[in-house]
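> My structure is in query.txt, and what it holds is compact mmCIF, C-alpha atoms and all ligand atoms:
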# COMPACT_ATOMS: atom_id res chain seq x y z
CA MET Q 1 77.95 252.55 83.63
CA PRO Q 2 75.22 252.21 86.27
CA ASP Q 3 71.69 251.54 85.00
CA GLY Q 4 69.84 254.60 83.80
CA ILE Q 5 72.93 256.64 82.95
CA SER Q 6 73.64 256.45 79.26
CA LYS Q 7 77.21 256.56 78.06
CA PRO Q 8 77.99 259.89 76.37
CA ARG Q 9 77.97 259.56 72.60
CA THR Q 10 79.78 261.16 69.71
CA LEU Q 11 77.76 264.15 68.49
CA ARG Q 12 77.19 264.07 64.73
CA TYR Q 13 74.25 266.38 63.98
CA PRO Q 14 73.80 270.14 64.47
CA ALA Q 15 70.74 269.49 66.66
CA GLU Q 16 72.89 267.38 68.99
CA LEU Q 17 75.59 270.05 69.12
CA ILE Q 18 72.93 272.63 70.05
CA ALA Q 19 71.35 270.32 72.64
CA ALA Q 20 74.79 269.84 74.20
CA GLY Q 21 75.25 273.62 74.39
CA LEU Q 22 78.20 273.62 71.99
CA LEU Q 23 76.41 275.65 69.30
CA ALA Q 24 73.67 278.26 69.73
CA PRO Q 25 70.20 277.74 68.21
CA GLU Q 26 70.91 280.55 65.72
CA ASP Q 27 73.90 278.56 64.39
CA ARG Q 28 71.62 275.78 63.25
CA ALA Q 29 70.95 276.74 59.62
CA GLY Q 30 74.64 277.35 58.91
CA ALA Q 31 75.65 274.12 60.60
CA GLU Q 32 73.00 272.12 58.70
CA ALA Q 33 74.34 273.45 55.39
CA VAL Q 34 77.86 272.38 56.34
CA ALA Q 35 76.62 268.99 57.58
CA ALA Q 36 75.08 268.32 54.16
CA ARG Q 37 78.56 268.53 52.63
CA TYR Q 38 81.14 267.55 55.28
CA ALA Q 39 81.24 264.97 58.06
CA ILE Q 40 80.89 266.09 61.67
CA ALA Q 41 81.90 264.15 64.79
CA VAL Q 42 82.60 265.50 68.24
CA PRO Q 43 83.43 262.62 70.60
CA PRO Q 44 82.73 263.06 74.33
CA ALA Q 45 86.40 263.49 75.28
CA LEU Q 46 86.73 266.48 72.95
CA GLY Q 47 83.24 267.88 73.54
CA ALA Q 48 84.17 268.11 77.22
CA LEU Q 49 87.08 270.40 76.35
CA ILE Q 50 84.96 272.91 74.44
CA GLY Q 51 84.06 275.93 76.57
CA HIS Q 52 83.00 278.12 73.68
CA LYS Q 53 82.56 277.55 69.94
CA ASN Q 54 85.43 279.97 69.25
CA ASP Q 55 87.94 278.53 71.68
CA PRO Q 56 90.89 276.47 70.34
CA ILE Q 57 88.99 273.18 70.58
CA GLY Q 58 85.61 274.48 69.41
CA LEU Q 59 87.18 276.10 66.36
CA GLN Q 60 88.79 272.83 65.29
CA PHE Q 61 85.71 270.61 65.46
CA LEU Q 62 82.46 272.61 65.32
CA PRO Q 63 80.96 273.27 61.87
CA HIS Q 64 81.12 276.88 60.66
CA PRO Q 65 79.29 278.46 57.69
CA ASP Q 66 82.58 279.70 56.18
CA GLU Q 67 83.40 276.08 55.32
CA LEU Q 68 81.17 276.46 52.28
CA VAL Q 69 83.05 279.53 51.03
CA LEU Q 70 85.70 278.49 48.52
CA ALA Q 71 88.74 280.79 48.34
CA PRO Q 72 90.37 281.13 44.89
CA HIS Q 73 93.55 279.24 45.89
CA GLU Q 74 91.70 276.29 47.44
CA SER Q 75 91.47 272.82 45.89
CA THR Q 76 89.56 269.62 46.58
CA ASP Q 77 92.81 267.63 46.38
CA PRO Q 78 95.35 270.11 47.77
CA ILE Q 79 98.36 267.81 47.85
CA ALA Q 80 97.47 265.63 44.85
CA ASP Q 81 96.84 262.44 46.83
CA GLU Q 82 94.57 261.26 44.01
CA ALA Q 83 97.10 261.85 41.25
CA LEU Q 84 99.73 259.90 43.20
CA SER Q 85 97.47 256.95 43.91
CA PRO Q 86 98.34 254.02 41.62
CA ILE Q 87 95.67 251.74 43.12
CA PRO Q 88 92.91 252.25 45.72
CA GLY Q 89 94.30 252.89 49.20
CA ILE Q 90 97.93 253.50 48.16
CA VAL Q 91 99.61 256.89 47.75
CA HIS Q 92 103.19 256.64 46.53
CA ARG Q 93 105.17 259.85 46.15
CA TYR Q 94 108.58 259.15 47.72
CA PRO Q 95 110.32 256.01 46.45
CA ASP Q 96 111.09 254.54 49.88
CA ARG Q 97 107.74 255.28 51.60
CA ALA Q 98 104.17 254.44 50.69
CA LEU Q 99 100.95 255.52 52.35
CA LEU Q 100 98.32 252.86 52.93
CA LYS Q 101 94.84 254.24 53.68
CA PRO Q 102 92.77 251.28 54.88
CA LEU Q 103 89.75 253.46 55.68
CA LEU Q 104 88.63 257.08 55.39
CA THR Q 105 86.68 257.24 58.65
CA CYS Q 106 87.88 259.26 61.66
CA PRO Q 107 86.78 259.41 65.30
CA VAL Q 108 86.53 263.21 64.97
CA TYR Q 109 86.37 265.43 61.89
CA CYS Q 110 88.69 268.43 61.87
CA ARG Q 111 87.21 271.41 60.07
CA PHE Q 112 90.57 272.16 58.37
CA CYS Q 113 91.29 268.59 57.22
CA PHE Q 114 93.31 268.40 53.98
CA ARG Q 115 91.39 265.24 53.03
CA ARG Q 116 88.00 266.69 53.94
CA GLU Q 117 86.56 265.85 50.53
CA GLN Q 118 87.44 262.19 51.03
CA VAL Q 119 86.90 261.44 54.73
CA GLY Q 120 83.54 260.58 56.29
CA PRO Q 121 81.63 257.98 58.28
CA ASP Q 122 80.73 255.80 55.31
CA GLY Q 123 83.98 256.21 53.52
CA GLY Q 124 86.65 254.19 51.96
CA LEU Q 125 87.02 250.93 53.87
CA LEU Q 126 89.25 248.87 51.56
CA SER Q 127 87.78 245.53 50.55
CA GLU Q 128 89.76 242.33 51.11
CA ALA Q 129 90.60 242.28 47.40
CA GLU Q 130 91.79 245.91 47.46
CA LEU Q 131 93.91 245.22 50.53
CA ALA Q 132 95.42 242.18 48.84
CA ALA Q 133 96.26 244.34 45.82
CA ALA Q 134 97.84 246.94 48.12
CA TYR Q 135 100.05 244.31 49.79
CA ALA Q 136 101.02 243.00 46.35
CA TYR Q 137 101.91 246.53 45.16
CA ILE Q 138 104.20 247.00 48.18
CA ALA Q 139 105.68 243.49 47.96
CA ALA Q 140 106.57 244.05 44.29
CA ARG Q 141 108.59 247.22 45.05
CA PRO Q 142 111.74 246.51 47.05
CA GLU Q 143 112.53 250.24 47.19
CA ILE Q 144 109.64 250.71 49.68
CA ARG Q 145 111.20 250.51 53.15
CA GLU Q 146 108.43 252.13 55.18
CA VAL Q 147 104.64 251.83 55.04
CA ILE Q 148 102.63 254.61 56.66
CA LEU Q 149 99.11 253.64 57.66
CA THR Q 150 96.90 256.69 57.53
CA GLY Q 151 93.39 257.52 56.39
CA GLY Q 152 91.04 258.23 57.97
CA ASP Q 153 92.30 256.88 61.27
CA PRO Q 154 93.79 253.35 61.28
CA LEU Q 155 93.50 253.01 65.07
CA ILE Q 156 89.71 252.85 64.86
CA LEU Q 157 89.88 249.62 62.85
CA SER Q 158 89.07 246.60 64.95
CA PRO Q 159 92.25 245.40 66.68
CA ARG Q 160 91.86 242.08 64.88
CA ARG Q 161 91.83 243.76 61.48
CA LEU Q 162 94.63 246.19 62.28
CA GLY Q 163 96.79 243.43 63.78
CA GLU Q 164 96.31 241.32 60.66
CA MET Q 165 97.31 244.28 58.48
CA LEU Q 166 100.48 245.00 60.46
CA ARG Q 167 101.45 241.33 60.35
CA ARG Q 168 100.88 241.11 56.61
CA LEU Q 169 103.10 244.17 56.11
CA GLN Q 170 105.88 243.00 58.40
CA ALA Q 171 105.99 239.71 56.48
CA ILE Q 172 107.17 241.63 53.39
CA PRO Q 173 110.96 241.22 53.59
CA HIS Q 174 111.98 244.74 52.50
CA ILE Q 175 109.66 246.55 54.95
CA GLU Q 176 111.94 247.93 57.67
CA ILE Q 177 109.61 250.37 59.41
CA LEU Q 178 105.88 250.77 59.93
CA ARG Q 179 104.22 254.01 60.92
CA ILE Q 180 100.65 254.88 61.91
CA HIS Q 181 99.23 258.40 61.71
CA THR Q 182 96.40 258.89 64.18
CA ARG Q 183 94.28 261.28 66.21
CA ALA Q 184 92.35 258.50 67.96
CA PRO Q 185 94.12 258.55 71.37
CA ILE Q 186 93.06 262.19 71.69
CA ALA Q 187 89.53 261.73 70.36
CA ASP Q 188 88.96 258.68 72.56
CA PRO Q 189 91.76 257.69 74.96
CA ALA Q 190 89.85 254.50 75.89
CA ILE Q 191 90.57 253.18 72.40
CA VAL Q 192 94.06 252.26 73.64
CA ASN Q 193 92.91 249.04 75.30
CA ASP Q 194 94.54 245.65 75.75
CA ALA Q 195 93.26 244.31 72.43
CA LEU Q 196 94.71 247.27 70.54
CA LEU Q 197 98.01 247.01 72.41
CA ALA Q 198 98.25 243.33 71.49
CA ALA Q 199 97.62 244.21 67.84
CA LEU Q 200 100.38 246.86 67.91
CA ASP Q 201 102.92 244.60 69.61
CA ILE Q 202 104.88 243.55 66.52
CA GLU Q 203 108.56 242.87 65.83
CA THR Q 204 109.01 245.41 63.03
CA PRO Q 205 109.73 248.86 64.51
CA LEU Q 206 106.44 250.73 64.65
CA TYR Q 207 106.27 254.50 65.04
CA ILE Q 208 103.07 256.35 65.84
CA ALA Q 209 102.57 259.97 64.75
CA LEU Q 210 99.94 261.69 66.86
CA HIS Q 211 98.02 264.69 65.49
CA ALA Q 212 97.45 267.34 68.19
CA ASN Q 213 97.08 271.08 67.85
CA HIS Q 214 96.59 272.46 71.35
CA ALA Q 215 97.98 271.62 74.80
CA SER Q 216 94.49 271.15 76.23
CA GLU Q 217 94.02 268.12 73.94
CA ILE Q 218 96.74 266.32 75.91
CA THR Q 219 94.57 265.52 78.95
CA PRO Q 220 95.65 263.21 81.79
CA ASP Q 221 93.62 260.41 80.14
CA VAL Q 222 95.50 260.99 76.89
CA VAL Q 223 98.84 260.93 78.71
CA ARG Q 224 97.91 257.59 80.30
CA ALA Q 225 96.85 256.16 76.93
CA LEU Q 226 100.10 257.29 75.31
CA ARG Q 227 102.11 255.79 78.15
CA LYS Q 228 100.66 252.39 77.29
CA LEU Q 229 102.01 252.80 73.77
CA THR Q 230 105.52 253.84 74.83
CA ARG Q 231 105.65 250.86 77.23
CA LEU Q 232 105.43 248.68 74.12
CA GLY Q 233 108.50 250.46 72.80
CA ILE Q 234 106.57 252.51 70.25
CA PRO Q 235 108.23 255.90 69.67
CA LEU Q 236 105.67 258.72 69.49
CA LEU Q 237 105.95 261.66 67.11
CA GLY Q 238 103.79 264.78 67.14
CA GLN Q 239 102.14 266.36 64.11
CA THR Q 240 100.54 269.77 64.38
CA VAL Q 241 98.77 272.02 61.88
CA LEU Q 242 99.42 275.73 62.36
CA LEU Q 243 95.91 277.21 62.75
CA ALA Q 244 94.75 280.79 63.23
CA ASP Q 245 93.24 281.42 66.67
CA VAL Q 246 93.98 277.84 67.71
CA ASN Q 247 97.75 277.79 68.09
CA ASP Q 248 99.26 280.74 66.19
CA SER Q 249 101.07 282.25 69.18
CA GLU Q 250 104.25 281.52 71.08
CA ALA Q 251 102.26 280.70 74.20
CA ALA Q 252 99.95 278.24 72.44
CA LEU Q 253 102.55 276.47 70.32
CA GLY Q 254 105.18 276.43 73.05
CA GLY Q 255 102.59 275.08 75.49
CA LEU Q 256 101.58 272.36 73.05
CA PHE Q 257 105.13 271.24 72.31
CA ARG Q 258 106.00 271.11 76.01
CA ALA Q 259 102.81 269.13 76.72
CA MET Q 260 103.81 266.72 73.96
CA LEU Q 261 107.28 266.20 75.43
CA ARG Q 262 105.79 265.52 78.86
CA ALA Q 263 103.67 262.84 77.21
CA ARG Q 264 106.81 261.40 75.54
CA VAL Q 265 105.72 262.68 72.13
CA LYS Q 266 108.54 264.22 70.08
CA PRO Q 267 107.19 267.18 68.05
CA TYR Q 268 107.97 266.13 64.48
CA TYR Q 269 106.17 268.32 61.95
CA LEU Q 270 104.41 271.66 62.19
CA HIS Q 271 102.36 271.72 59.00
CA GLN Q 272 101.50 274.82 57.06
CA LEU Q 273 97.73 274.55 56.43
CA ASP Q 274 96.91 272.84 53.12
CA PRO Q 275 94.47 274.83 50.98
CA ALA Q 276 91.49 272.47 51.29
CA PRO Q 277 88.08 273.99 50.50
CA GLY Q 278 86.57 276.33 53.06
CA THR Q 279 89.58 276.46 55.38
CA ALA Q 280 90.76 280.05 54.78
CA ARG Q 281 89.64 281.13 58.28
CA PHE Q 282 92.49 279.00 59.67
CA HIS Q 283 95.21 280.44 57.42
CA VAL Q 284 98.42 281.72 59.03
CA SER Q 285 101.13 283.17 56.81
CA PRO Q 286 104.48 281.34 56.57
CA GLU Q 287 106.17 284.55 57.75
CA ARG Q 288 104.12 284.51 60.94
CA GLY Q 289 104.78 280.79 61.43
CA ARG Q 290 108.52 281.31 61.04
CA ALA Q 291 108.47 284.25 63.45
CA ILE Q 292 106.73 282.16 66.13
CA LEU Q 293 109.17 279.28 65.76
CA ASN Q 294 112.15 281.66 65.82
CA GLN Q 295 110.85 283.15 69.04
CA LEU Q 296 110.43 279.69 70.56
CA ARG Q 297 113.97 278.64 69.72
CA GLY Q 298 115.99 279.50 72.81
CA GLN Q 299 112.89 279.68 75.00
CA ILE Q 300 112.12 275.97 75.01
CA SER Q 301 114.10 272.76 74.68
CA GLY Q 302 115.43 272.04 71.22
CA THR Q 303 113.81 268.62 71.53
CA ALA Q 304 110.43 270.40 71.61
CA LEU Q 305 110.87 272.06 68.21
CA PRO Q 306 109.39 270.41 65.10
CA THR Q 307 110.26 271.05 61.46
CA TYR Q 308 107.92 273.58 59.87
CA ILE Q 309 106.71 271.96 56.64
CA LEU Q 310 104.81 272.96 53.55
CA ASP Q 311 103.25 270.23 51.41
CA ARG Q 312 103.39 271.80 47.97
CA ALA Q 313 100.43 271.77 45.63
CA GLY Q 314 100.40 269.41 42.68
CA GLY Q 315 102.11 266.53 44.46
CA LEU Q 316 105.54 268.22 44.53
CA GLY Q 317 106.08 267.04 48.08
CA LYS Q 318 107.04 268.50 51.42
CA ILE Q 319 109.65 271.19 51.92
CA PRO Q 320 110.81 272.85 55.15
CA LEU Q 321 109.73 276.47 55.42
C1 LIG Q 401 103.87 263.17 54.06
C2 LIG Q 401 103.96 262.01 53.20
C3 LIG Q 401 104.81 260.94 53.52
C4 LIG Q 401 105.65 260.90 54.77
O1 LIG Q 401 106.62 261.88 54.77
P1 LIG Q 401 107.67 261.98 55.96
O2 LIG Q 401 108.44 263.22 55.62
O3 LIG Q 401 108.52 260.74 55.91
O4 LIG Q 401 106.92 262.09 57.23
C5 LIG Q 401 104.88 259.88 52.65
N1 LIG Q 401 104.15 259.86 51.51
C6 LIG Q 401 103.32 260.87 51.17
C7 LIG Q 401 102.55 260.78 49.92
C8 LIG Q 401 103.19 261.97 52.02
O5 LIG Q 401 102.35 262.95 51.69
S1 LIG Q 402 91.72 263.17 62.08
FE1 LIG Q 402 93.10 263.63 60.34
S2 LIG Q 402 92.13 262.69 58.52
FE2 LIG Q 402 90.58 262.79 60.16
S3 LIG Q 402 89.50 264.73 59.85
FE3 LIG Q 402 91.15 265.20 61.30
S4 LIG Q 402 92.87 265.85 59.98
FE4 LIG Q 402 91.39 264.79 58.64
As structure tokens - that is how I would like this structure written.
Ligand SMILES: *Cc1c(COP(=O)(O)O)cnc(C)c1O
Ligand code: SF4

Amino acid sequence: MPDGISKPRTLRYPAELIAAGLLAPEDRAGAEAVAARYAIAVPPALGALIGHKNDPIGLQFLPHPDELVLAPHESTDPIADEALSPIPGIVHRYPDRALLKPLLTCPVYCRFCFRREQVGPDGGLLSEAELAAAYAYIAARPEIREVILTGGDPLILSPRRLGEMLRRLQAIPHIEILRIHTRAPIADPAIVNDALLAALDIETPLYIALHANHASEITPDVVRALRKLTRLGIPLLGQTVLLADVNDSEAALGGLFRAMLRARVKPYYLHQLDPAPGTARFHVSPERGRAILNQLRGQISGTALPTYILDRAGGLGKIPL
């Protein structure tokens, strides 16, 4: 950056969102009330995509007063992560796969997040002792073949820390596959730099699942960042949440899945929204979701179609819809 021009920053406060023209001054009281309860972050790359607070990008990331309205079916732990967590940072529901959540911080906070009660800027970085206990838990269970790093967003760890973690996991003899769930390349494509690439360049097959909900998130910068990952031989999978007014149409979903394929991302899961608190404005019925996917079948490549998945309440696990 030349002198005198400050680098754009992530917006975290309602006043900043108003100053940037993303919210109107009359939205301030509602946004402040939400900010007191849930984390907000709109990084420059995503802020630049917001034309209006009710467009598909604005809806996903700008605070809205309805977030404080709890619908009767909503829960603070919609998929029972807590109940299935034997030790801090581990969630173990399926015998052969374990989740490892090294941190609960994200580069952007989605207003519909199923872990919204847990994630935040000062949240959940595992201590060295907790990490050691997590490795020991995995090492003691030969039935675990795959470790899925999630959070929070593992790609915002320092490359040194993330690289160390991946190498510790690949040293466990029964670990065949590693996977990282992330939104970081979309929130900040520059995060995919040489240091991160070096950290991700491991022998154990590593898959990356990218969370994206609208074609406009897959910008040319994002495509370039993803290309660096596929050059390392990392297969990319796409995860999408079906969201009212964001992507609940054939045009929006079809456009997203085609944009993913062009970026070498294989659409993997379309998630039915989990009933986290204050997310009812995003609800789309399973019938509507099925109808959209049925319409898309035949219109777009079969390789573009994900599995439509419901994560059942109470830790019962995922089922196709
Ligand atoms: C979703 C999930 C996984 C991964 O499931 P896949 O179907 O393999 O993508 C693993 N563990 C838990 C607890 C999960 O919620
Ligand atoms: S990036 Fe993922 S974990 Fe973070 S707020 Fe969005 S949905 Fe939640």
> Determine, using only C-alpha atoms and all ligand atoms, which residues of chain Q have any atom at most 6 Å from an atom of ligand LIG 401 (chain Q), and tabulate each with its shortest atom pair and distance in Å to one decimal place, rows ordered by chain and then rising number, as JSON lines.

{"residue": "Q:Val91", "atom": "CA", "partner": "Q:LIG401", "partner_atom": "C7", "distance": 5.3}
{"residue": "Q:His92", "atom": "CA", "partner": "Q:LIG401", "partner_atom": "C7", "distance": 5.4}
{"residue": "Q:Arg93", "atom": "CA", "partner": "Q:LIG401", "partner_atom": "C7", "distance": 4.7}
{"residue": "Q:Tyr94", "atom": "CA", "partner": "Q:LIG401", "partner_atom": "N1", "distance": 5.9}
{"residue": "Q:Arg97", "atom": "CA", "partner": "Q:LIG401", "partner_atom": "C5", "distance": 5.5}
{"residue": "Q:Ala98", "atom": "CA", "partner": "Q:LIG401", "partner_atom": "N1", "distance": 5.5}
{"residue": "Q:Leu99", "atom": "CA", "partner": "Q:LIG401", "partner_atom": "N1", "distance": 5.5}
> What lies within 9 Å of Ala280 in chain Q using all atoms listed in the file, ignoring chain neighbours under 5 positions off, as an mmCIF file with C-alpha atoms, in the frame of the given file?

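Contents of the output file selection26.cif:
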data_model
loop_
_atom_site.group_PDB
_atom_site.id
_atom_site.type_symbol
_atom_site.label_atom_id
_atom_site.label_comp_id
_atom_site.auth_asym_id
_atom_site.auth_seq_id
_atom_site.Cartn_x
_atom_site.Cartn_y
_atom_site.Cartn_z
ATOM 1 C CA ASP Q 66 82.580 279.700 56.180
ATOM 2 C CA GLU Q 67 83.400 276.080 55.320
ATOM 3 C CA VAL Q 69 83.050 279.530 51.030
ATOM 4 C CA LEU Q 70 85.700 278.490 48.520
ATOM 5 C CA ALA Q 71 88.740 280.790 48.340
ATOM 6 C CA GLU Q 74 91.700 276.290 47.440
ATOM 7 C CA PHE Q 112 90.570 272.160 58.370
ATOM 8 C CA PRO Q 275 94.470 274.830 50.980
#
> Would you mind listing what lies within 7 Å of Ala313 in chain Q as a PyMOL selection string, with all atoms listed in the file counted and same-chain residues fewer than 4 positions away left out?
chain Q and resi 78-80
> For range 17-19 of chain Q, work out the shell of residues within 12 Å, counting only C-alpha atoms and skipping chain neighbours fewer than 4 positions away, then give it as a PDB file with C-alpha atoms, keeping the file's coordinate frame.

ATOM      1  CA  ARG Q   9      77.970 259.560  72.600  1.00  0.00           C
ATOM      2  CA  THR Q  10      79.780 261.160  69.710  1.00  0.00           C
ATOM      3  CA  LEU Q  11      77.760 264.150  68.490  1.00  0.00           C
ATOM      4  CA  ARG Q  12      77.190 264.070  64.730  1.00  0.00           C
ATOM      5  CA  TYR Q  13      74.250 266.380  63.980  1.00  0.00           C
ATOM      6  CA  LEU Q  23      76.410 275.650  69.300  1.00  0.00           C
ATOM      7  CA  ALA Q  24      73.670 278.260  69.730  1.00  0.00           C
ATOM      8  CA  PRO Q  25      70.200 277.740  68.210  1.00  0.00           C
ATOM      9  CA  GLU Q  26      70.910 280.550  65.720  1.00  0.00           C
ATOM     10  CA  ASP Q  27      73.900 278.560  64.390  1.00  0.00           C
ATOM     11  CA  ARG Q  28      71.620 275.780  63.250  1.00  0.00           C
ATOM     12  CA  ALA Q  29      70.950 276.740  59.620  1.00  0.00           C
ATOM     13  CA  ALA Q  31      75.650 274.120  60.600  1.00  0.00           C
ATOM     14  CA  GLU Q  32      73.000 272.120  58.700  1.00  0.00           C
ATOM     15  CA  ALA Q  35      76.620 268.990  57.580  1.00  0.00           C
ATOM     16  CA  ILE Q  40      80.890 266.090  61.670  1.00  0.00           C
ATOM     17  CA  ALA Q  41      81.900 264.150  64.790  1.00  0.00           C
ATOM     18  CA  VAL Q  42      82.600 265.500  68.240  1.00  0.00           C
ATOM     19  CA  PRO Q  43      83.430 262.620  70.600  1.00  0.00           C
ATOM     20  CA  PRO Q  44      82.730 263.060  74.330  1.00  0.00           C
ATOM     21  CA  GLY Q  47      83.240 267.880  73.540  1.00  0.00           C
ATOM     22  CA  ALA Q  48      84.170 268.110  77.220  1.00  0.00           C
ATOM     23  CA  ILE Q  50      84.960 272.910  74.440  1.00  0.00           C
ATOM     24  CA  HIS Q  52      83.000 278.120  73.680  1.00  0.00           C
ATOM     25  CA  LYS Q  53      82.560 277.550  69.940  1.00  0.00           C
ATOM     26  CA  GLY Q  58      85.610 274.480  69.410  1.00  0.00           C
ATOM     27  CA  PHE Q  61      85.710 270.610  65.460  1.00  0.00           C
ATOM     28  CA  LEU Q  62      82.460 272.610  65.320  1.00  0.00           C
ATOM     29  CA  PRO Q  63      80.960 273.270  61.870  1.00  0.00           C
TER      30      PRO Q  63
END
> Of the candidates Q:Asp274, Q:Asp245, Q:Glu82, Q:Glu146, which one gets nearest to ligand LIG 402 (chain Q) if we count all atoms listed in the file?
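Looking at the shortest contact to ligand LIG 402 (chain Q), the residue is Q:Asp274.
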> When you count all atoms listed in the file, which of these residues is closest to ligand LIG 402 (chain Q): Q:Leu103, Q:Leu166, Q:Val119, Q:Ile202?
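Among the listed residues, the smallest separation from ligand LIG 402 (chain Q) belongs to Q:Val119.
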> How close does each residue of chain Q get to ligand LIG 402 (chain Q), giving the shortest atom pair and distance in Å to one decimal for every residue with an atom at most 9 Å away, counting all atoms listed in the file, sorted by chain and residue number, as a tab-separated table?

residue	atom	partner	partner_atom	distance
Q:Ala39	CA	Q:LIG402	S3	8.5
Q:Ile40	CA	Q:LIG402	S3	8.9
Q:Gln60	CA	Q:LIG402	FE3	8.9
Q:Phe61	CA	Q:LIG402	FE3	8.7
Q:Leu104	CA	Q:LIG402	S2	7.3
Q:Thr105	CA	Q:LIG402	FE2	6.9
Q:Cys106	CA	Q:LIG402	FE2	4.7
Q:Pro107	CA	Q:LIG402	S1	7.0
Q:Val108	CA	Q:LIG402	S1	5.9
Q:Tyr109	CA	Q:LIG402	S3	3.8
Q:Cys110	CA	Q:LIG402	FE3	4.1
Q:Arg111	CA	Q:LIG402	S3	7.1
Q:Phe112	CA	Q:LIG402	S4	6.9
Q:Cys113	CA	Q:LIG402	FE4	4.1
Q:Phe114	CA	Q:LIG402	FE4	6.2
Q:Arg115	CA	Q:LIG402	FE4	5.6
Q:Arg116	CA	Q:LIG402	FE4	6.1
Q:Gln118	CA	Q:LIG402	S2	8.9
Q:Val119	CA	Q:LIG402	S2	6.6
Q:Gly120	CA	Q:LIG402	S3	8.1
Q:Thr150	CA	Q:LIG402	S2	7.7
Q:Gly151	CA	Q:LIG402	S2	5.7
Q:Gly152	CA	Q:LIG402	S2	4.6
Q:Asp153	CA	Q:LIG402	FE2	6.3
Q:His181	CA	Q:LIG402	FE1	8.2
Q:Thr182	CA	Q:LIG402	S1	6.7
Q:Arg183	CA	Q:LIG402	S1	5.2
Q:Ala184	CA	Q:LIG402	S1	7.5
Q:Ala187	CA	Q:LIG402	S1	8.7
Q:His211	CA	Q:LIG402	FE1	7.2
Q:Val241	CA	Q:LIG402	S4	8.7
> Would you work out the distance separating CA of Leu49 in chain Q from CA of Glu217 in chain Q, expressed in Å to one decimal?
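Taking CA of Leu49 in chain Q as the start and CA of Glu217 in chain Q as the end point, the length is 7.7 Å.
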> Which neighbours of range 223-236 of chain Q fall inside 8 Å, counting only C-alpha atoms, when residues of the same chain fewer than 2 positions from it are skipped, and could you give them as a ChimeraX atom specification?
/Q:185,189-190,192,197,201,205-210,218-221,238,263-266
> By how many Å are CA of Gln299 in chain Q and CA of Ala251 in chain Q apart?
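Pair CA of Gln299 in chain Q / CA of Ala251 in chain Q returns 10.7 Å.
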> Considering all atoms listed in the file, return as a PyMOL selection string whatever protein or nucleic-acid residues lie within 9 Å of Ala215 in chain Q, sequence-local ones (same chain, fewer than 5 positions apart) excluded.
chain Q and resi 252-260
> Output C-alpha atoms of each residue in that selection to a file, as an mmCIF file, keeping the file's coordinate frame.

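After the write, result31.cif holds the following:
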data_model
loop_
_atom_site.group_PDB
_atom_site.id
_atom_site.type_symbol
_atom_site.label_atom_id
_atom_site.label_comp_id
_atom_site.auth_asym_id
_atom_site.auth_seq_id
_atom_site.Cartn_x
_atom_site.Cartn_y
_atom_site.Cartn_z
ATOM 1 C CA ALA Q 252 99.950 278.240 72.440
ATOM 2 C CA LEU Q 253 102.550 276.470 70.320
ATOM 3 C CA GLY Q 254 105.180 276.430 73.050
ATOM 4 C CA GLY Q 255 102.590 275.080 75.490
ATOM 5 C CA LEU Q 256 101.580 272.360 73.050
ATOM 6 C CA PHE Q 257 105.130 271.240 72.310
ATOM 7 C CA ARG Q 258 106.000 271.110 76.010
ATOM 8 C CA ALA Q 259 102.810 269.130 76.720
ATOM 9 C CA MET Q 260 103.810 266.720 73.960
#
> To one decimal place in Å, what is the distance between CA of Arg160 in chain Q and CA of Ile172 in chain Q?
19.1 Å
> Smallest atom-to-atom distance to Thr240 in chain Q: which of Q:Met165, Q:Val284, Q:Ala20, Q:Leu273, using only C-alpha atoms?
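Between Q:Met165, Q:Val284, Q:Ala20, Q:Leu273, the residue approaching Thr240 in chain Q most closely is Q:Leu273.
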> Taking into account all atoms listed in the file, which residue in the set Q:Leu126, Q:Ala139, Q:Leu237, Q:Ala132 is nearest to Leu157 in chain Q?
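Selected residue with least distance to Leu157 in chain Q: Q:Leu126.
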> Name the closest residue to Pro306 in chain Q among the candidates Q:Leu261, Q:Ala199, Q:Ala276, Q:Ile175; distances are taken between atoms, counting all atoms listed in the file.
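The answer is Q:Leu261, which sits nearest to Pro306 in chain Q.
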> Given only C-alpha atoms as the basis, pick out the residue of Q:Thr204, Q:Thr307, Q:Asn193, Q:Gln272 nearest to Ser158 in chain Q.
Q:Asn193
